[in-house]
>>> print(open('run_4.cif').read())   # mmCIF, C-alpha atoms and all ligand atoms
data_my_file
#
loop_
_atom_site.group_PDB
_atom_site.id
_atom_site.type_symbol
_atom_site.label_atom_id
_atom_site.label_comp_id
_atom_site.auth_asym_id
_atom_site.auth_seq_id
_atom_site.Cartn_x
_atom_site.Cartn_y
_atom_site.Cartn_z
ATOM 1 C CA MET R 153 108.990 105.519 100.805
ATOM 2 C CA ILE R 154 105.205 105.302 100.549
ATOM 3 C CA LEU R 155 103.599 101.886 101.023
ATOM 4 C CA ASP R 156 100.265 101.485 99.209
ATOM 5 C CA LEU R 157 98.052 98.522 100.122
ATOM 6 C CA ASP R 158 95.146 97.169 98.061
ATOM 7 C CA ILE R 159 93.631 94.476 100.293
ATOM 8 C CA GLY R 160 91.101 92.429 98.320
ATOM 9 C CA ASN R 161 89.228 89.283 99.226
ATOM 10 C CA THR R 162 91.751 87.054 97.456
ATOM 11 C CA LEU R 163 95.019 88.922 97.345
ATOM 12 C CA SER R 164 96.565 91.695 99.407
ATOM 13 C CA LYS R 165 98.592 93.654 96.923
ATOM 14 C CA TRP R 166 101.281 96.123 98.035
ATOM 15 C CA ARG R 167 103.451 98.661 96.234
ATOM 16 C CA LEU R 168 106.435 100.719 97.410
ATOM 17 C CA LYS R 169 106.627 104.192 95.870
ATOM 18 C CA ASP R 170 109.519 106.646 96.172
ATOM 19 C CA ALA R 171 108.104 109.770 97.861
ATOM 20 C CA GLU R 172 110.535 112.062 96.026
ATOM 21 C CA SER R 173 110.610 110.697 92.472
ATOM 22 C CA SER R 174 107.168 108.999 92.452
ATOM 23 C CA GLU R 175 108.974 105.963 91.029
ATOM 24 C CA ILE R 176 107.480 102.544 91.895
ATOM 25 C CA ARG R 177 110.352 100.701 93.590
ATOM 26 C CA SER R 178 108.762 97.282 94.221
ATOM 27 C CA ARG R 179 105.446 95.484 94.485
ATOM 28 C CA GLY R 180 104.069 92.144 95.657
ATOM 29 C CA ALA R 181 101.020 90.228 96.797
ATOM 30 C CA VAL R 182 100.180 87.873 99.660
ATOM 31 C CA TRP R 183 97.028 85.847 100.242
ATOM 32 C CA THR R 184 94.531 87.984 102.196
ATOM 33 C CA ARG R 185 93.286 84.952 104.137
ATOM 34 C CA GLU R 186 96.549 84.655 106.012
ATOM 35 C CA GLU R 187 97.532 87.166 108.676
ATOM 36 C CA TRP R 188 99.369 90.104 107.246
ATOM 37 C CA ARG R 189 102.795 89.227 108.761
ATOM 38 C CA PRO R 190 106.053 91.075 108.098
ATOM 39 C CA GLY R 191 108.604 89.021 106.236
ATOM 40 C CA ALA R 192 106.077 87.185 104.101
ATOM 41 C CA ASP R 193 107.208 88.945 100.962
ATOM 42 C CA ILE R 194 106.243 92.352 102.296
ATOM 43 C CA PRO R 195 108.574 95.329 102.328
ATOM 44 C CA ASP R 196 110.789 96.400 105.233
ATOM 45 C CA LEU R 197 108.742 98.992 107.148
ATOM 46 C CA ASP R 198 111.897 100.843 108.258
ATOM 47 C CA VAL R 199 112.027 102.568 104.883
ATOM 48 C CA VAL R 200 108.301 103.432 104.948
ATOM 49 C CA GLU R 201 107.261 106.944 106.018
ATOM 50 C CA ALA R 202 103.579 106.676 105.074
ATOM 51 C CA VAL R 203 101.008 103.988 104.272
ATOM 52 C CA ARG R 204 97.796 104.349 102.221
ATOM 53 C CA ILE R 205 95.259 101.515 102.481
ATOM 54 C CA SER R 206 92.260 100.419 100.429
ATOM 55 C CA SER R 207 90.677 97.349 102.023
ATOM 56 C CA VAL R 208 87.569 95.297 101.394
ATOM 57 C CA ALA R 209 88.687 92.471 103.672
ATOM 58 C CA ARG R 210 86.988 91.704 106.979
ATOM 59 C CA ALA R 211 87.209 94.593 109.462
ATOM 60 C CA ALA R 212 89.350 92.432 111.779
ATOM 61 C CA VAL R 213 92.007 91.969 109.091
ATOM 62 C CA LEU R 214 92.114 95.714 108.474
ATOM 63 C CA GLU R 215 92.212 96.620 112.188
ATOM 64 C CA GLU R 216 95.047 94.167 112.789
ATOM 65 C CA THR R 217 96.988 95.435 109.789
ATOM 66 C CA VAL R 218 96.513 99.091 110.783
ATOM 67 C CA ALA R 219 97.520 98.385 114.403
ATOM 68 C CA LEU R 220 100.698 96.619 113.244
ATOM 69 C CA LEU R 221 101.570 99.416 110.822
ATOM 70 C CA ARG R 222 100.810 102.238 113.270
ATOM 71 C CA ARG R 223 103.438 100.821 115.618
ATOM 72 C CA ARG R 224 106.034 101.241 112.894
ATOM 73 C CA VAL R 225 104.901 104.041 110.595
ATOM 74 C CA ARG R 226 103.995 107.655 111.384
ATOM 75 C CA ASN R 227 101.292 108.277 108.745
ATOM 76 C CA VAL R 228 98.735 105.560 108.069
ATOM 77 C CA HIS R 229 95.822 106.640 105.847
ATOM 78 C CA VAL R 230 92.826 104.313 105.515
ATOM 79 C CA ALA R 231 90.466 105.051 102.598
ATOM 80 C CA HIS R 232 86.696 104.841 103.148
ATOM 81 C CA SER R 233 83.747 105.121 100.775
ATOM 82 C CA THR R 234 82.213 108.541 101.393
ATOM 83 C CA GLN R 235 79.189 110.502 100.179
ATOM 84 C CA GLU R 236 81.387 112.644 97.936
ATOM 85 C CA ALA R 237 85.065 113.025 97.077
ATOM 86 C CA LEU R 238 87.161 114.741 94.392
ATOM 87 C CA GLY R 239 84.083 115.821 92.440
ATOM 88 C CA VAL R 240 82.433 112.396 92.484
ATOM 89 C CA VAL R 241 79.080 111.940 94.240
ATOM 90 C CA ASN R 242 78.605 108.388 95.556
ATOM 91 C CA GLY R 243 75.530 106.795 93.983
ATOM 92 C CA TYR R 244 74.907 104.276 96.740
ATOM 93 C CA GLU R 245 71.896 104.765 99.028
ATOM 94 C CA GLU R 246 74.317 104.063 101.879
ATOM 95 C CA PRO R 247 77.611 105.441 100.489
ATOM 96 C CA GLY R 248 79.701 103.776 103.216
ATOM 97 C CA ARG R 249 78.632 100.356 101.989
ATOM 98 C CA LEU R 250 80.194 100.734 98.551
ATOM 99 C CA GLY R 251 83.347 98.604 98.401
ATOM 100 C CA VAL R 252 86.373 100.844 98.989
ATOM 101 C CA ASP R 253 88.165 99.326 95.999
ATOM 102 C CA ARG R 254 85.202 100.258 93.808
ATOM 103 C CA TRP R 255 85.181 103.808 95.232
ATOM 104 C CA MET R 256 88.942 104.158 94.658
ATOM 105 C CA GLY R 257 88.492 102.936 91.079
ATOM 106 C CA ALA R 258 85.647 105.394 90.458
ATOM 107 C CA LEU R 259 87.685 108.320 91.832
ATOM 108 C CA ALA R 260 90.789 107.382 89.838
ATOM 109 C CA GLY R 261 88.746 106.846 86.671
ATOM 110 C CA TYR R 262 87.004 110.202 87.074
ATOM 111 C CA GLN R 263 90.260 112.041 87.776
ATOM 112 C CA LEU R 264 91.769 110.500 84.629
ATOM 113 C CA ALA R 265 88.868 110.445 82.196
ATOM 114 C CA GLY R 266 85.928 112.326 83.702
ATOM 115 C CA GLY R 267 82.823 110.163 83.179
ATOM 116 C CA CYS R 268 83.847 106.503 82.913
ATOM 117 C CA CYS R 269 82.966 102.853 83.340
ATOM 118 C CA ALA R 270 85.327 101.287 85.906
ATOM 119 C CA VAL R 271 85.605 97.468 85.766
ATOM 120 C CA ASP R 272 87.552 95.556 88.446
ATOM 121 C CA CYS R 273 88.116 91.854 87.658
ATOM 122 C CA GLY R 274 89.051 90.399 91.061
ATOM 123 C CA SER R 275 87.417 87.890 93.396
ATOM 124 C CA ALA R 276 84.268 89.528 92.089
ATOM 125 C CA ILE R 277 83.933 91.439 88.841
ATOM 126 C CA THR R 278 82.549 94.898 89.627
ATOM 127 C CA ILE R 279 81.294 97.334 87.003
ATOM 128 C CA ASP R 280 80.776 100.939 88.136
ATOM 129 C CA PHE R 281 79.619 104.011 86.224
ATOM 130 C CA VAL R 282 80.442 107.679 86.784
ATOM 131 C CA LEU R 283 78.733 110.287 84.578
ATOM 132 C CA PRO R 284 80.676 113.222 83.064
ATOM 133 C CA GLY R 285 79.356 115.541 85.805
ATOM 134 C CA GLY R 286 80.775 113.289 88.540
ATOM 135 C CA GLN R 287 77.582 111.453 89.532
ATOM 136 C CA HIS R 288 78.418 107.815 90.380
ATOM 137 C CA LEU R 289 75.411 105.670 89.374
ATOM 138 C CA GLY R 290 76.205 102.550 91.400
ATOM 139 C CA GLY R 291 77.058 99.383 89.540
ATOM 140 C CA PHE R 292 76.979 95.629 89.081
ATOM 141 C CA ILE R 293 78.706 92.754 90.896
ATOM 142 C CA ILE R 294 79.215 89.301 89.383
ATOM 143 C CA PRO R 295 81.436 86.421 90.564
ATOM 144 C CA GLY R 296 85.057 86.634 89.423
ATOM 145 C CA LEU R 297 86.562 83.974 87.171
ATOM 146 C CA ARG R 298 88.009 81.932 90.015
ATOM 147 C CA LEU R 299 84.767 82.059 92.044
ATOM 148 C CA MET R 300 82.763 80.939 89.004
ATOM 149 C CA LYS R 301 85.143 78.013 88.564
ATOM 150 C CA GLU R 302 85.054 77.064 92.247
ATOM 151 C CA SER R 303 81.252 77.146 92.256
ATOM 152 C CA LEU R 304 81.234 74.420 89.596
ATOM 153 C CA LYS R 305 83.280 72.062 91.784
ATOM 154 C CA LEU R 306 84.628 70.306 88.722
ATOM 155 C CA GLY R 307 88.204 70.303 89.962
ATOM 156 C CA THR R 308 89.221 72.965 87.465
ATOM 157 C CA ARG R 309 89.794 75.637 90.118
ATOM 158 C CA ASN R 310 93.570 75.777 89.714
ATOM 159 C CA VAL R 311 93.580 75.682 85.935
ATOM 160 C CA ALA R 312 93.728 79.391 85.129
ATOM 161 C CA ILE R 313 92.778 80.616 81.667
ATOM 162 C CA ASP R 314 96.030 81.021 79.762
ATOM 163 C CA PRO R 315 96.335 84.802 79.379
ATOM 164 C CA GLU R 316 98.251 84.218 76.149
ATOM 165 C CA SER R 317 95.652 81.914 74.588
ATOM 166 C CA GLU R 318 93.928 83.350 71.541
ATOM 167 C CA ALA R 319 90.643 85.143 72.314
ATOM 168 C CA ASP R 320 88.766 83.329 69.530
ATOM 169 C CA GLU R 321 90.005 79.987 70.927
ATOM 170 C CA LEU R 322 87.874 80.800 73.983
ATOM 171 C CA LEU R 323 84.824 81.135 71.715
ATOM 172 C CA GLU R 324 85.034 77.505 70.651
ATOM 173 C CA PRO R 325 83.011 74.797 72.378
ATOM 174 C CA GLY R 326 85.228 73.083 74.950
ATOM 175 C CA ARG R 327 86.139 69.468 74.178
ATOM 176 C CA ARG R 328 87.546 68.806 77.664
ATOM 177 C CA THR R 329 86.055 69.758 81.031
ATOM 178 C CA VAL R 330 88.691 72.392 81.725
ATOM 179 C CA ASP R 331 88.075 74.051 78.341
ATOM 180 C CA ALA R 332 84.288 73.831 78.652
ATOM 181 C CA VAL R 333 84.602 75.534 82.065
ATOM 182 C CA ASN R 334 87.188 78.136 81.038
ATOM 183 C CA HIS R 335 85.395 79.063 77.812
ATOM 184 C CA GLY R 336 82.075 79.231 79.647
ATOM 185 C CA ILE R 337 83.162 81.474 82.521
ATOM 186 C CA TYR R 338 85.168 83.679 80.146
ATOM 187 C CA MET R 339 82.094 84.199 77.956
ATOM 188 C CA ALA R 340 79.917 84.819 81.019
ATOM 189 C CA ALA R 341 82.292 87.562 82.180
ATOM 190 C CA VAL R 342 82.937 89.327 78.865
ATOM 191 C CA SER R 343 79.308 89.036 77.671
ATOM 192 C CA ALA R 344 78.080 90.589 80.909
ATOM 193 C CA ILE R 345 80.602 93.452 80.707
ATOM 194 C CA ASN R 346 79.862 94.200 77.021
ATOM 195 C CA ARG R 347 76.084 94.119 77.538
ATOM 196 C CA ILE R 348 75.969 96.052 80.834
ATOM 197 C CA TYR R 349 78.171 98.773 79.355
ATOM 198 C CA SER R 350 75.915 99.132 76.292
ATOM 199 C CA GLU R 351 72.682 99.178 78.301
ATOM 200 C CA VAL R 352 73.861 101.848 80.736
ATOM 201 C CA CYS R 353 75.411 104.068 78.031
ATOM 202 C CA ASP R 354 72.112 103.764 76.130
ATOM 203 C CA GLN R 355 70.036 104.645 79.233
ATOM 204 C CA GLU R 356 72.285 107.588 80.159
ATOM 205 C CA GLY R 357 72.722 108.792 76.557
ATOM 206 C CA VAL R 358 76.515 108.949 76.797
ATOM 207 C CA ALA R 359 79.354 106.738 75.490
ATOM 208 C CA LEU R 360 81.814 106.367 78.394
ATOM 209 C CA PRO R 361 85.498 105.380 78.288
ATOM 210 C CA MET R 362 86.049 102.002 79.988
ATOM 211 C CA LEU R 363 88.927 101.321 82.378
ATOM 212 C CA LEU R 364 89.737 97.726 83.360
ATOM 213 C CA THR R 365 91.718 96.614 86.427
ATOM 214 C CA GLY R 366 92.156 93.614 88.774
ATOM 215 C CA GLY R 367 94.015 90.331 88.683
ATOM 216 C CA ASP R 368 91.996 88.961 85.785
ATOM 217 C CA ALA R 369 91.933 92.184 83.758
ATOM 218 C CA ARG R 370 94.384 90.939 81.113
ATOM 219 C CA VAL R 371 92.382 87.786 80.415
ATOM 220 C CA VAL R 372 89.011 89.561 80.395
ATOM 221 C CA SER R 373 90.335 92.483 78.326
ATOM 222 C CA ARG R 374 90.751 90.292 75.259
ATOM 223 C CA GLY R 375 87.028 89.608 75.096
ATOM 224 C CA VAL R 376 85.757 93.091 75.899
ATOM 225 C CA GLN R 377 84.621 94.613 72.599
ATOM 226 C CA VAL R 378 84.151 98.052 74.120
ATOM 227 C CA PRO R 379 87.151 100.365 73.568
ATOM 228 C CA HIS R 380 88.953 100.231 76.920
ATOM 229 C CA ALA R 381 92.296 100.610 78.650
ATOM 230 C CA VAL R 382 93.802 98.216 81.222
ATOM 231 C CA TRP R 383 95.109 100.051 84.289
ATOM 232 C CA PRO R 384 96.553 97.531 86.778
ATOM 233 C CA ASP R 385 97.185 100.261 89.400
ATOM 234 C CA MET R 386 93.728 101.905 89.179
ATOM 235 C CA VAL R 387 92.794 101.230 92.827
ATOM 236 C CA TYR R 388 96.165 102.655 93.886
ATOM 237 C CA GLY R 389 95.298 105.658 91.682
ATOM 238 C CA GLY R 390 92.345 106.358 93.951
ATOM 239 C CA LEU R 391 94.662 106.318 96.968
ATOM 240 C CA GLU R 392 97.039 108.762 95.224
ATOM 241 C CA ALA R 393 94.109 111.061 94.435
ATOM 242 C CA CYS R 394 92.709 110.900 97.995
ATOM 243 C CA PHE R 395 96.034 111.179 99.834
ATOM 244 C CA PRO R 396 98.436 112.950 97.423
ATOM 245 C CA MET R 397 101.989 113.046 98.817
ATOM 246 C CA THR R 398 104.478 113.290 95.967
ATOM 247 C CA PHE R 399 104.980 116.289 93.707
ATOM 248 C CA ALA R 400 103.415 114.462 90.743
ATOM 249 C CA GLU R 401 100.436 113.284 92.809
ATOM 250 C CA ARG R 402 99.785 116.839 93.958
ATOM 251 C CA ALA R 403 99.663 117.751 90.265
ATOM 252 C CA GLY R 404 96.942 115.099 89.854
ATOM 253 C CA LYS R 405 99.161 112.565 88.105
ATOM 254 C CA MET R 406 98.460 108.885 88.956
ATOM 255 C CA SER R 407 101.088 106.183 88.403
ATOM 256 C CA GLY R 408 100.614 103.938 85.413
ATOM 257 C CA ALA R 409 97.513 105.765 84.239
ATOM 258 C CA PRO R 410 96.799 104.785 80.620
ATOM 259 C CA ARG R 411 95.828 107.054 77.753
ATOM 260 C CA VAL R 412 92.022 107.531 77.977
ATOM 261 C CA PRO R 413 90.378 105.195 75.415
ATOM 262 C CA GLU R 414 88.139 106.879 72.814
ATOM 263 C CA PRO R 415 84.609 105.426 73.198
ATOM 264 C CA VAL R 416 82.678 104.437 70.067
ATOM 265 C CA ALA R 417 79.831 106.747 69.081
ATOM 266 C CA LEU R 418 76.632 106.360 71.118
ATOM 267 C CA GLU R 419 74.724 105.583 67.898
ATOM 268 C CA LYS R 420 77.002 102.587 67.312
ATOM 269 C CA ILE R 421 76.418 101.340 70.860
ATOM 270 C CA ARG R 422 72.671 101.691 70.355
ATOM 271 C CA ALA R 423 72.791 99.941 66.969
ATOM 272 C CA GLY R 424 74.716 97.077 68.563
ATOM 273 C CA LEU R 425 72.091 96.809 71.298
ATOM 274 C CA ALA R 426 69.220 96.872 68.806
ATOM 275 C CA PHE R 427 70.934 94.164 66.767
ATOM 276 C CA SER R 428 71.515 91.964 69.827
ATOM 277 C CA MET R 429 67.822 92.364 70.667
ATOM 278 C CA LEU R 430 66.968 90.947 67.227
ATOM 279 C CA LEU R 431 68.930 87.737 67.930
HETATM 280 N N1 LIG R 501 99.052 85.161 91.733
HETATM 281 C C1 LIG R 501 97.731 84.991 91.729
HETATM 282 N N2 LIG R 501 97.141 84.240 92.664
HETATM 283 C C2 LIG R 501 95.790 84.111 92.690
HETATM 284 N N3 LIG R 501 94.955 84.632 91.799
HETATM 285 C C3 LIG R 501 95.521 85.372 90.825
HETATM 286 C C4 LIG R 501 96.912 85.597 90.748
HETATM 287 N N4 LIG R 501 97.146 86.393 89.690
HETATM 288 C C5 LIG R 501 95.984 86.650 89.132
HETATM 289 N N5 LIG R 501 94.996 86.017 89.792
HETATM 290 C C6 LIG R 501 93.613 86.103 89.425
HETATM 291 O O1 LIG R 501 93.206 87.375 89.947
HETATM 292 C C7 LIG R 501 92.104 87.220 90.808
HETATM 293 C C8 LIG R 501 92.416 87.998 92.078
HETATM 294 O O2 LIG R 501 92.624 89.303 91.608
HETATM 295 P P1 LIG R 501 92.556 90.520 92.592
HETATM 296 O O3 LIG R 501 92.105 91.678 91.781
HETATM 297 O O4 LIG R 501 93.805 90.604 93.357
HETATM 298 O O5 LIG R 501 91.379 90.055 93.545
HETATM 299 P P2 LIG R 501 90.938 90.773 94.876
HETATM 300 O O6 LIG R 501 91.212 92.237 94.718
HETATM 301 O O7 LIG R 501 89.493 90.402 94.928
HETATM 302 O O8 LIG R 501 91.737 90.132 95.958
HETATM 303 C C9 LIG R 501 91.912 85.769 91.098
HETATM 304 O O9 LIG R 501 90.513 85.528 91.004
HETATM 305 C C10 LIG R 501 92.692 85.064 89.995
HETATM 306 O O10 LIG R 501 91.820 84.674 88.948
HETATM 307 C C1 LIG R 502 82.347 93.525 95.615
HETATM 308 C C2 LIG R 502 83.667 93.321 96.339
HETATM 309 C C3 LIG R 502 83.629 92.084 97.193
HETATM 310 C C4 LIG R 502 84.779 93.186 95.307
HETATM 311 O O1 LIG R 502 85.978 93.046 96.009
HETATM 312 P P1 LIG R 502 87.251 92.274 95.395
HETATM 313 O O2 LIG R 502 86.769 91.491 94.213
HETATM 314 O O3 LIG R 502 88.187 93.352 94.992
HETATM 315 O O4 LIG R 502 87.788 91.431 96.473
HETATM 316 C C5 LIG R 502 83.995 94.558 97.219
HETATM 317 O O5 LIG R 502 83.929 95.706 96.433
HETATM 318 C C6 LIG R 502 83.026 94.674 98.372
HETATM 319 O O6 LIG R 502 83.195 94.044 99.381
HETATM 320 N N1 LIG R 502 81.973 95.544 98.198
HETATM 321 C C7 LIG R 502 81.024 95.789 99.264
HETATM 322 C C8 LIG R 502 79.627 95.576 98.726
HETATM 323 C C9 LIG R 502 79.270 96.533 97.585
HETATM 324 O O7 LIG R 502 80.200 97.111 96.959
HETATM 325 O O8 LIG R 502 78.064 96.692 97.297
HETATM 326 K K K R 503 90.041 94.217 93.497
#
>>> encode(input="run_4.cif", output="structure tokens", more="lines below")
Ligand SMILES: Nc1ncnc2c1ncn2[C@@H]1O[C@H](COP(=O)(O)OP(=O)(O)O)[C@@H](O)[C@H]1O
Ligand SMILES: CC(C)(COP(=O)(O)O)[C@@H](O)C(=O)NCCC(=O)O
Ligand SMILES: [K+]
Amino acid sequence: MILDLDIGNTLSKWRLKDAESSEIRSRGAVWTREEWRPGADIPDLDVVEAVRISSVARAAVLEETVALLRRRVRNVHVAHSTQEALGVVNGYEEPGRLGVDRWMGALAGYQLAGGCCAVDCGSAITIDFVLPGGQHLGGFIIPGLRLMKESLKLGTRNVAIDPESEADELLEPGRRTVDAVNHGIYMAAVSAINRIYSEVCDQEGVALPMLLTGGDARVVSRGVQVPHAVWPDMVYGGLEACFPMTFAERAGKMSGAPRVPEPVALEKIRAGLAFSMLL
């Protein structure tokens, strides 16, 4: 079995993948803050022959996790943000400082769609752009939904936005604190994503397919007007592309990859921008 780890600032997600069939056997998540201890809903390492890790947590957490795993597993691969990989050139002045989860998302998005806009709705919401030729432009970072809520200190932190609630419901003025907060942070997130996407596509003269991932992707997806696809395993896709092990991965196939969304015409994006400028 292959154990893939996506260690974020809130949750450490893991996924067990069958090395022969490429089938995903199980998955789970534990809070990143706590030590990464066996038994706490993580898989039995005896069945694991290789581990692939994307981590943005503190170096100490990663070192501890790698040390623990190396005692039990032969192959442990740790992903890093590099100057270039798989045809993508890192747009950061200091490539190593780009969050590894963002780099994994950019690589997976490029392998799937070529040029793309990769949005990861986690502790932070990150929005990255890769041009059709593989040039990563850098991106934008805004607080994630939970962080925005916590910053308000209005005691609404644990009241998540109901992923099943109607999108237009979230456009209504809130008549209770929790609704005022949830509608506000939802609009902040989706408005930023819609506008940033349009501005960058306008600047670069290309309409890019958008791929959405992260724990809040389902909620945010409902408000994103840009044609997009939700790919929960996009960060894992970057690990599969960087460290291909199964037959399917060697053929460039990434688990759970969605059909590439058809962007709207650039003219339409530009018209939308012009109109929003008039408001
Ligand atoms: N089981 C969960 N526990 C905590 N947050 C969750 C959970 N499921 C979804 N979320 C939402 O997803 C976000 C964390 O998503 P994730 O992409 O895992 O973050 P990160 O990669 O930054 O750790 C939280 O901000 C929260 O809004
Ligand atoms: C921006 C992030 C905190 C997002 O991480 P996440 O929301 O997945 O926990 C992470 O990508 C990170 O630590 N980046 C390093 C700084 C940068 O990308 O510029
Ligand atoms: K993430």
>>> residues_near_ligand(input="run_4.cif", ligand="ligand K 503 (chain R)", cutoff="8 Å", atoms="all atoms listed in the file", output="MDAnalysis selection string")
chainID R and resid 158:161 253:254 272:276 365:367 387
>>> residues_near_ligand(input="run_4.cif", ligand="ligand LIG 501 (chain R)", cutoff="10 Å", atoms="all atoms listed in the file", output="ChimeraX atom specification")
/R:158-165,180-185,207-209,253,272-278,295-301,309-313,315,365-371,384,387
>>> residues_near_point(input="run_4.cif", point="(95.2, 105.8, 98.9)", cutoff="12 Å", atoms="all atoms listed in the file", output="ChimeraX atom specification")
/R:154-159,166-167,169,202-207,227-233,252-253,255-257,259-260,385-397,401,406
>>> closest_residue(input="run_4.cif", among="R:Leu214, R:Ala237, R:Glu318, R:Leu363", to="R:Ala270", atoms="all atoms listed in the file")
R:Leu363
>>> atom_distance(input="run_4.cif", atom1="atom CA of R:Val378", atom2="atom CA of R:Asn346")
6.5 Å
>>> axis_aligned_box(input="run_4.cif", around="stretch 314-323 of chain R", padding_each_side="5 Å", output="AutoDock Vina command-line options")
--center_x 91.5 --center_y 82.6 --center_z 74.6 --size_x 23.4 --size_y 15.2 --size_z 20.2
>>> atom_distance(input="run_4.cif", atom1="atom CA of R:Ser407", atom2="atom CA of R:Leu289")
25.7 Å
>>> closest_residue(input="run_4.cif", among="R:Val382, R:Ala340, R:Val200, R:Leu306", to="R:Ala409", atoms="only C-alpha atoms")
R:Val382
>>> resolve_selection(input="run_4.cif", expression="the PyMOL selection byres (((chain R and resi 286) around 7) and not hetatm)", output="VMD selection string")
chain R and resid 239 to 241 267 282 to 285 287 to 288
>>> resolve_selection(input="run_4.cif", expression="the PyMOL selection byres (((chain R and resi 415) around 7) and not hetatm)", output="list in words")
Ala359, Leu360, Pro361, Pro379, Pro413, Glu414, Val416 and Ala417 of chain R
>>> residues_near_point(input="run_4.cif", point="(71.8, 102.3, 74.9)", cutoff="8 Å", atoms="all atoms listed in the file", output="list of chain:residue names")
R:Ser350, R:Glu351, R:Val352, R:Cys353, R:Asp354, R:Gln355, R:Glu356, R:Gly357, R:Leu418, R:Ile421, R:Arg422, R:Leu425
>>> atom_distance(input="run_4.cif", atom1="atom CA of R:Gly404", atom2="atom CA of R:Leu238")
10.8 Å
>>> closest_residue(input="run_4.cif", among="R:Ile293, R:Ala426, R:Ile345, R:Leu322", to="ligand LIG 502 (chain R)", atoms="only C-alpha atoms and all ligand atoms")
R:Ile293
>>> resolve_selection(input="run_4.cif", expression="the PyMOL selection byres (((chain R and resi 411) around 9) and not hetatm)", output="mmCIF file with C-alpha atoms, in the coordinates of the input")
data_model
loop_
_atom_site.group_PDB
_atom_site.id
_atom_site.type_symbol
_atom_site.label_atom_id
_atom_site.label_comp_id
_atom_site.auth_asym_id
_atom_site.auth_seq_id
_atom_site.Cartn_x
_atom_site.Cartn_y
_atom_site.Cartn_z
ATOM 1 C CA LEU R 264 91.769 110.500 84.629
ATOM 2 C CA ALA R 265 88.868 110.445 82.196
ATOM 3 C CA ALA R 381 92.296 100.610 78.650
ATOM 4 C CA ALA R 409 97.513 105.765 84.239
ATOM 5 C CA PRO R 410 96.799 104.785 80.620
ATOM 6 C CA VAL R 412 92.022 107.531 77.977
ATOM 7 C CA PRO R 413 90.378 105.195 75.415
#
>>> closest_residue(input="run_4.cif", among="R:Ser173, R:Arg226, R:Ser178, R:Glu245", to="ligand LIG 502 (chain R)", atoms="all atoms listed in the file")
R:Glu245
>>> closest_residue(input="run_4.cif", among="R:Phe292, R:Tyr338, R:Tyr349, R:Phe281", to="ligand LIG 502 (chain R)", atoms="only C-alpha atoms and all ligand atoms")
R:Phe292
>>> closest_residue(input="run_4.cif", among="R:Cys268, R:Val330, R:Val342, R:Ala258", to="ligand LIG 502 (chain R)", atoms="only C-alpha atoms and all ligand atoms")
R:Ala258
